[in-house]
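File shown here: start_11.cif, holding mmCIF, C-alpha atoms, pLDDT in the B column; chains and numbers go by the auth columns.
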data_model
loop_
_atom_site.group_PDB
_atom_site.id
_atom_site.type_symbol
_atom_site.label_atom_id
_atom_site.label_comp_id
_atom_site.label_asym_id
_atom_site.label_seq_id
_atom_site.Cartn_x
_atom_site.Cartn_y
_atom_site.Cartn_z
_atom_site.B_iso_or_equiv
_atom_site.auth_seq_id
_atom_site.auth_asym_id
ATOM 1 C CA MET A 1 -22.281 -24.898 -23.804 64.00 27 A
ATOM 2 C CA ALA A 2 -21.309 -22.227 -21.256 68.00 28 A
ATOM 3 C CA GLU A 3 -17.890 -20.716 -21.466 76.00 29 A
ATOM 4 C CA LYS A 4 -15.512 -21.786 -18.695 83.00 30 A
ATOM 5 C CA PRO A 5 -14.844 -18.942 -16.220 85.00 31 A
ATOM 6 C CA ARG A 6 -11.309 -17.570 -16.305 92.00 32 A
ATOM 7 C CA LEU A 7 -9.330 -16.345 -13.324 96.00 33 A
ATOM 8 C CA LEU A 8 -8.314 -12.764 -14.111 97.00 34 A
ATOM 9 C CA TYR A 9 -6.137 -10.101 -12.499 98.00 35 A
ATOM 10 C CA ILE A 10 -6.761 -6.369 -12.732 97.00 36 A
ATOM 11 C CA THR A 11 -4.665 -3.514 -11.342 98.00 37 A
ATOM 12 C CA ARG A 12 -5.597 -0.036 -10.163 98.00 38 A
ATOM 13 C CA LYS A 13 -2.815 2.563 -9.857 98.00 39 A
ATOM 14 C CA GLU A 14 -3.026 5.336 -7.264 98.00 40 A
ATOM 15 C CA HIS A 15 -0.672 8.088 -6.138 98.00 41 A
ATOM 16 C CA PHE A 16 0.042 9.852 -2.865 98.00 42 A
ATOM 17 C CA ASN A 17 2.732 12.127 -1.427 98.00 43 A
ATOM 18 C CA ALA A 18 3.930 11.574 2.112 98.00 44 A
ATOM 19 C CA ALA A 19 6.823 12.236 4.461 97.00 45 A
ATOM 20 C CA HIS A 20 8.495 9.824 6.836 97.00 46 A
ATOM 21 C CA LYS A 21 11.770 8.983 8.470 95.00 47 A
ATOM 22 C CA LEU A 22 13.397 5.707 9.268 96.00 48 A
ATOM 23 C CA TYR A 23 14.207 5.733 12.942 93.00 49 A
ATOM 24 C CA ASN A 24 14.268 3.075 15.635 95.00 50 A
ATOM 25 C CA PRO A 25 13.448 4.734 18.983 93.00 51 A
ATOM 26 C CA ASN A 26 15.308 1.962 20.840 95.00 52 A
ATOM 27 C CA TRP A 27 18.584 2.952 19.185 96.00 53 A
ATOM 28 C CA THR A 28 20.899 5.890 19.677 94.00 54 A
ATOM 29 C CA GLU A 29 20.980 8.660 17.121 93.00 55 A
ATOM 30 C CA GLU A 30 24.362 7.330 16.000 94.00 56 A
ATOM 31 C CA GLN A 31 22.967 3.815 15.422 96.00 57 A
ATOM 32 C CA ASN A 32 20.016 5.219 13.476 95.00 58 A
ATOM 33 C CA ASN A 33 22.289 7.339 11.328 94.00 59 A
ATOM 34 C CA GLU A 34 24.619 4.399 10.717 96.00 60 A
ATOM 35 C CA VAL A 35 21.811 2.084 9.575 97.00 61 A
ATOM 36 C CA PHE A 36 19.350 4.498 7.938 96.00 62 A
ATOM 37 C CA GLY A 37 21.672 7.295 6.829 94.00 63 A
ATOM 38 C CA ARG A 38 19.901 10.323 5.361 92.00 64 A
ATOM 39 C CA CYS A 39 16.550 8.552 5.758 94.00 65 A
ATOM 40 C CA ALA A 40 16.852 9.085 9.541 94.00 66 A
ATOM 41 C CA ASN A 41 16.890 12.868 9.043 90.00 67 A
ATOM 42 C CA LYS A 42 15.224 14.480 12.065 88.00 68 A
ATOM 43 C CA ASN A 43 13.396 16.838 9.699 90.00 69 A
ATOM 44 C CA TRP A 44 11.874 13.965 7.687 93.00 70 A
ATOM 45 C CA HIS A 45 11.954 13.409 3.936 94.00 71 A
ATOM 46 C CA GLY A 46 9.207 12.840 1.391 94.00 72 A
ATOM 47 C CA HIS A 47 8.295 10.687 -1.571 96.00 73 A
ATOM 48 C CA ASN A 48 5.836 10.705 -4.426 97.00 74 A
ATOM 49 C CA PHE A 49 4.511 7.177 -3.907 98.00 75 A
ATOM 50 C CA GLU A 50 2.822 5.086 -6.594 98.00 76 A
ATOM 51 C CA LEU A 51 0.566 2.287 -5.373 98.00 77 A
ATOM 52 C CA TYR A 52 -0.483 -0.569 -7.650 98.00 78 A
ATOM 53 C CA VAL A 53 -3.364 -2.640 -6.271 98.00 79 A
ATOM 54 C CA THR A 54 -3.909 -5.940 -8.095 98.00 80 A
ATOM 55 C CA ILE A 55 -7.019 -7.960 -7.379 98.00 81 A
ATOM 56 C CA LYS A 56 -7.976 -11.348 -8.778 98.00 82 A
ATOM 57 C CA GLY A 57 -11.161 -13.272 -9.275 97.00 83 A
ATOM 58 C CA TYR A 58 -13.663 -14.616 -11.728 96.00 84 A
ATOM 59 C CA PRO A 59 -15.700 -11.996 -13.555 94.00 85 A
ATOM 60 C CA ASN A 60 -19.336 -11.691 -12.569 92.00 86 A
ATOM 61 C CA PRO A 61 -21.330 -13.067 -15.516 90.00 87 A
ATOM 62 C CA ASP A 62 -23.792 -10.147 -15.322 92.00 88 A
ATOM 63 C CA THR A 63 -21.197 -7.332 -15.323 93.00 89 A
ATOM 64 C CA GLY A 64 -17.984 -8.882 -16.597 92.00 90 A
ATOM 65 C CA PHE A 65 -16.249 -7.319 -13.567 94.00 91 A
ATOM 66 C CA ILE A 66 -14.059 -8.948 -10.941 95.00 92 A
ATOM 67 C CA MET A 67 -14.945 -5.850 -8.911 96.00 93 A
ATOM 68 C CA ASP A 68 -16.331 -2.543 -10.120 96.00 94 A
ATOM 69 C CA LEU A 69 -13.201 -0.373 -10.508 96.00 95 A
ATOM 70 C CA LYS A 70 -15.124 2.707 -9.379 97.00 96 A
ATOM 71 C CA LYS A 71 -15.779 0.927 -6.087 97.00 97 A
ATOM 72 C CA LEU A 72 -12.161 -0.255 -5.866 98.00 98 A
ATOM 73 C CA LYS A 73 -11.028 3.346 -6.381 98.00 99 A
ATOM 74 C CA ARG A 74 -13.315 4.485 -3.526 98.00 100 A
ATOM 75 C CA VAL A 75 -12.013 1.743 -1.212 98.00 101 A
ATOM 76 C CA ILE A 76 -8.365 2.626 -1.938 98.00 102 A
ATOM 77 C CA SER A 77 -9.049 6.344 -1.551 98.00 103 A
ATOM 78 C CA GLU A 78 -11.009 6.072 1.681 98.00 104 A
ATOM 79 C CA HIS A 79 -8.861 3.517 3.475 98.00 105 A
ATOM 80 C CA VAL A 80 -5.388 4.328 2.129 98.00 106 A
ATOM 81 C CA VAL A 81 -4.795 7.422 -0.008 98.00 107 A
ATOM 82 C CA ASP A 82 -6.912 9.841 2.044 98.00 108 A
ATOM 83 C CA LYS A 83 -5.059 8.709 5.182 98.00 109 A
ATOM 84 C CA LEU A 84 -1.561 8.935 3.667 98.00 110 A
ATOM 85 C CA ASP A 85 -1.614 11.767 1.140 98.00 111 A
ATOM 86 C CA HIS A 86 0.312 14.837 2.323 98.00 112 A
ATOM 87 C CA MET A 87 0.788 13.279 5.751 97.00 113 A
ATOM 88 C CA ASN A 88 3.690 12.408 7.985 97.00 114 A
ATOM 89 C CA ILE A 89 3.523 8.614 8.004 97.00 115 A
ATOM 90 C CA ASN A 90 5.293 8.321 11.366 96.00 116 A
ATOM 91 C CA GLU A 91 3.009 10.760 13.179 95.00 117 A
ATOM 92 C CA ASP A 92 -0.278 11.260 11.299 97.00 118 A
ATOM 93 C CA VAL A 93 -1.319 7.853 9.971 98.00 119 A
ATOM 94 C CA ASP A 94 -3.420 5.800 12.394 97.00 120 A
ATOM 95 C CA PHE A 95 -2.587 2.427 10.871 97.00 121 A
ATOM 96 C CA MET A 96 1.174 3.123 11.110 98.00 122 A
ATOM 97 C CA LYS A 97 1.215 4.083 14.809 95.00 123 A
ATOM 98 C CA GLY A 98 4.023 2.278 16.623 93.00 124 A
ATOM 99 C CA LYS A 99 5.528 0.866 13.418 96.00 125 A
ATOM 100 C CA LEU A 100 8.802 1.779 11.797 96.00 126 A
ATOM 101 C CA ALA A 101 7.815 3.570 8.578 96.00 127 A
ATOM 102 C CA SER A 102 9.854 1.469 6.143 97.00 128 A
ATOM 103 C CA ILE A 103 8.357 0.851 2.724 97.00 129 A
ATOM 104 C CA GLU A 104 8.058 -2.836 3.695 98.00 130 A
ATOM 105 C CA ASN A 105 5.982 -2.055 6.795 98.00 131 A
ATOM 106 C CA ILE A 106 3.902 0.509 4.926 98.00 132 A
ATOM 107 C CA VAL A 107 2.874 -1.953 2.197 98.00 133 A
ATOM 108 C CA VAL A 108 1.863 -4.622 4.748 98.00 134 A
ATOM 109 C CA ALA A 109 -0.212 -2.045 6.643 98.00 135 A
ATOM 110 C CA ILE A 110 -1.896 -0.954 3.393 98.00 136 A
ATOM 111 C CA TRP A 111 -2.745 -4.593 2.638 98.00 137 A
ATOM 112 C CA GLU A 112 -4.421 -4.894 6.043 98.00 138 A
ATOM 113 C CA GLN A 113 -6.466 -1.762 5.321 98.00 139 A
ATOM 114 C CA LEU A 114 -7.758 -3.026 1.976 98.00 140 A
ATOM 115 C CA VAL A 115 -8.588 -6.708 2.506 97.00 141 A
ATOM 116 C CA PRO A 116 -11.730 -6.242 4.644 97.00 142 A
ATOM 117 C CA HIS A 117 -13.320 -3.930 2.062 97.00 143 A
ATOM 118 C CA LEU A 118 -13.085 -5.990 -1.120 96.00 144 A
ATOM 119 C CA ASP A 119 -16.120 -7.599 -2.721 94.00 145 A
ATOM 120 C CA PRO A 120 -16.886 -11.239 -1.936 90.00 146 A
ATOM 121 C CA GLY A 121 -15.249 -13.499 -4.492 89.00 147 A
ATOM 122 C CA CYS A 122 -12.533 -10.912 -5.098 95.00 148 A
ATOM 123 C CA LYS A 123 -9.095 -11.383 -3.554 97.00 149 A
ATOM 124 C CA LEU A 124 -6.214 -9.003 -3.123 98.00 150 A
ATOM 125 C CA HIS A 125 -3.393 -10.540 -5.160 98.00 151 A
ATOM 126 C CA CYS A 126 -0.508 -8.056 -4.945 98.00 152 A
ATOM 127 C CA LEU A 127 0.448 -4.593 -3.824 98.00 153 A
ATOM 128 C CA LYS A 128 3.348 -2.796 -5.429 98.00 154 A
ATOM 129 C CA LEU A 129 4.474 0.369 -3.651 98.00 155 A
ATOM 130 C CA VAL A 130 6.964 2.509 -5.522 98.00 156 A
ATOM 131 C CA GLU A 131 8.936 4.837 -3.270 97.00 157 A
ATOM 132 C CA THR A 132 11.489 6.121 -5.776 95.00 158 A
ATOM 133 C CA GLU A 133 12.334 5.518 -9.386 94.00 159 A
ATOM 134 C CA ARG A 134 14.703 2.783 -8.235 95.00 160 A
ATOM 135 C CA ASN A 135 13.031 1.415 -5.080 96.00 161 A
ATOM 136 C CA TYR A 136 9.770 -0.441 -4.762 98.00 162 A
ATOM 137 C CA VAL A 137 8.326 -3.340 -2.813 98.00 163 A
ATOM 138 C CA GLU A 138 5.807 -5.999 -3.809 98.00 164 A
ATOM 139 C CA TYR A 139 3.665 -7.861 -1.312 98.00 165 A
ATOM 140 C CA TYR A 140 1.449 -10.888 -1.952 98.00 166 A
ATOM 141 C CA GLY A 141 0.007 -11.309 1.527 96.00 167 A
ATOM 142 C CA GLU A 142 2.325 -14.146 2.435 92.00 168 A
ATOM 143 C CA GLU A 143 3.495 -14.642 6.000 82.00 169 A
#
Written form, structure tokens:
Amino acid sequence: MAEKPRLLYITRKEHFNAAHKLYNPNWTEEQNNEVFGRCANKNWHGHNFELYVTIKGYPNPDTGFIMDLKKLKRVISEHVVDKLDHMNINEDVDFMKGKLASIENIVVAIWEQLVPHLDPGCKLHCLKLVETERNYVEYYGEE
């Protein structure tokens, strides 16, 4: 009797450093400073981001993998980390053009970068983006 397949979740952790500022161009400098405080600094500020990418699926019976983690690492590096690491998120990152660079908007944009490149039968379950020791966001792809 064949063993019943089990839905599994696996997480890959990546790291990147990037600068950004929180600034709404439709607001005055005073409004931006009131809402965003020091994060609206005209000279930017940076973070050492940690990105947790959790995928889910049923392991391939031939490999035991949901997705080869070496391939997942390449996908994350090529489509996310290489574009963000040591960059100014507001000015240098193509997939953030025209978007306010809040951690919430960044994680949604990262999700959109990853989904098209995952293996068939593998689904992106959750992204966790850690901005500081005390601040992080989780996104599950829900509208």
**Fill in**
Of A:Ile81, A:Leu126, A:Leu140, A:Val134, the one nearest to Ile102 of chain A when counting all atoms listed in the file is A:Leu140
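Nearest to Asn69 of chain A of all the residues A:Asn114, A:Asp108, A:Lys39, A:Leu150 is A:Asn114, based on all atoms listed in the file.
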**Request:** Could you give me, as a ChimeraX atom specification, the residues within 7 Å of Glu40 of chain A, counting all atoms listed in the file and dropping anything in the same chain fewer than 6 positions from it?
**Result:** /A:76-78
**Prompt:** Distance atom CA of Ser128 of chain A-atom CA of Glu168 of chain A, one decimal place?
**Reply:**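 If I compute the distance from atom CA of Ser128 of chain A to atom CA of Glu168 of chain A, I get 17.7 Å.
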**Message:** For the provided coordinates, the residues matched by the PyMOL selection byres ((chain A and resi 62-66) around 12) should be stated as number ranges by chain.
**Reply:** A: 45-51, 53-61, 67-73, 116, 126-129
**Fill in**
Judged by all atoms listed in the file, the minimum distance to Asn74 of chain A among A:Asn86, A:Arg32, A:His151, A:Val107 is found for A:Val107
**Request:** Work out how far atom CA of Lys82 of chain A is from atom CA of Tyr35 of chain A, in Å to one decimal.
**Result:**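 Atom-to-atom, atom CA of Tyr35 of chain A to atom CA of Lys82 of chain A, that is 4.3 Å.
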**Request:** Quote the spacing between atom CA of Leu153 of chain A and atom CA of Tyr166 of chain A in Å to one decimal place.
**Result:**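 If I compute the distance from atom CA of Leu153 of chain A to atom CA of Tyr166 of chain A, I get 6.6 Å.
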**Request:** Name the residues that the PyMOL selection byres ((chain A and resi 93) around 10) pulls out of this structure, and write them as a PyMOL selection string.
**Result:** chain A and resi 36+81-86+89-92+94-98+144-149
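Proximity of A:Leu33, A:Val163, A:Ala135, A:Ala44 to Ile115 of chain A, computed with only C-alpha atoms, is greatest for A:Ala44.
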**Message:** Could you list, as a PyMOL selection string, every residue matched by the PyMOL selection byres ((chain A and resi 105) around 12) in this structure?
**Reply:** chain A and resi 98-104+106-111+119-121+135-144
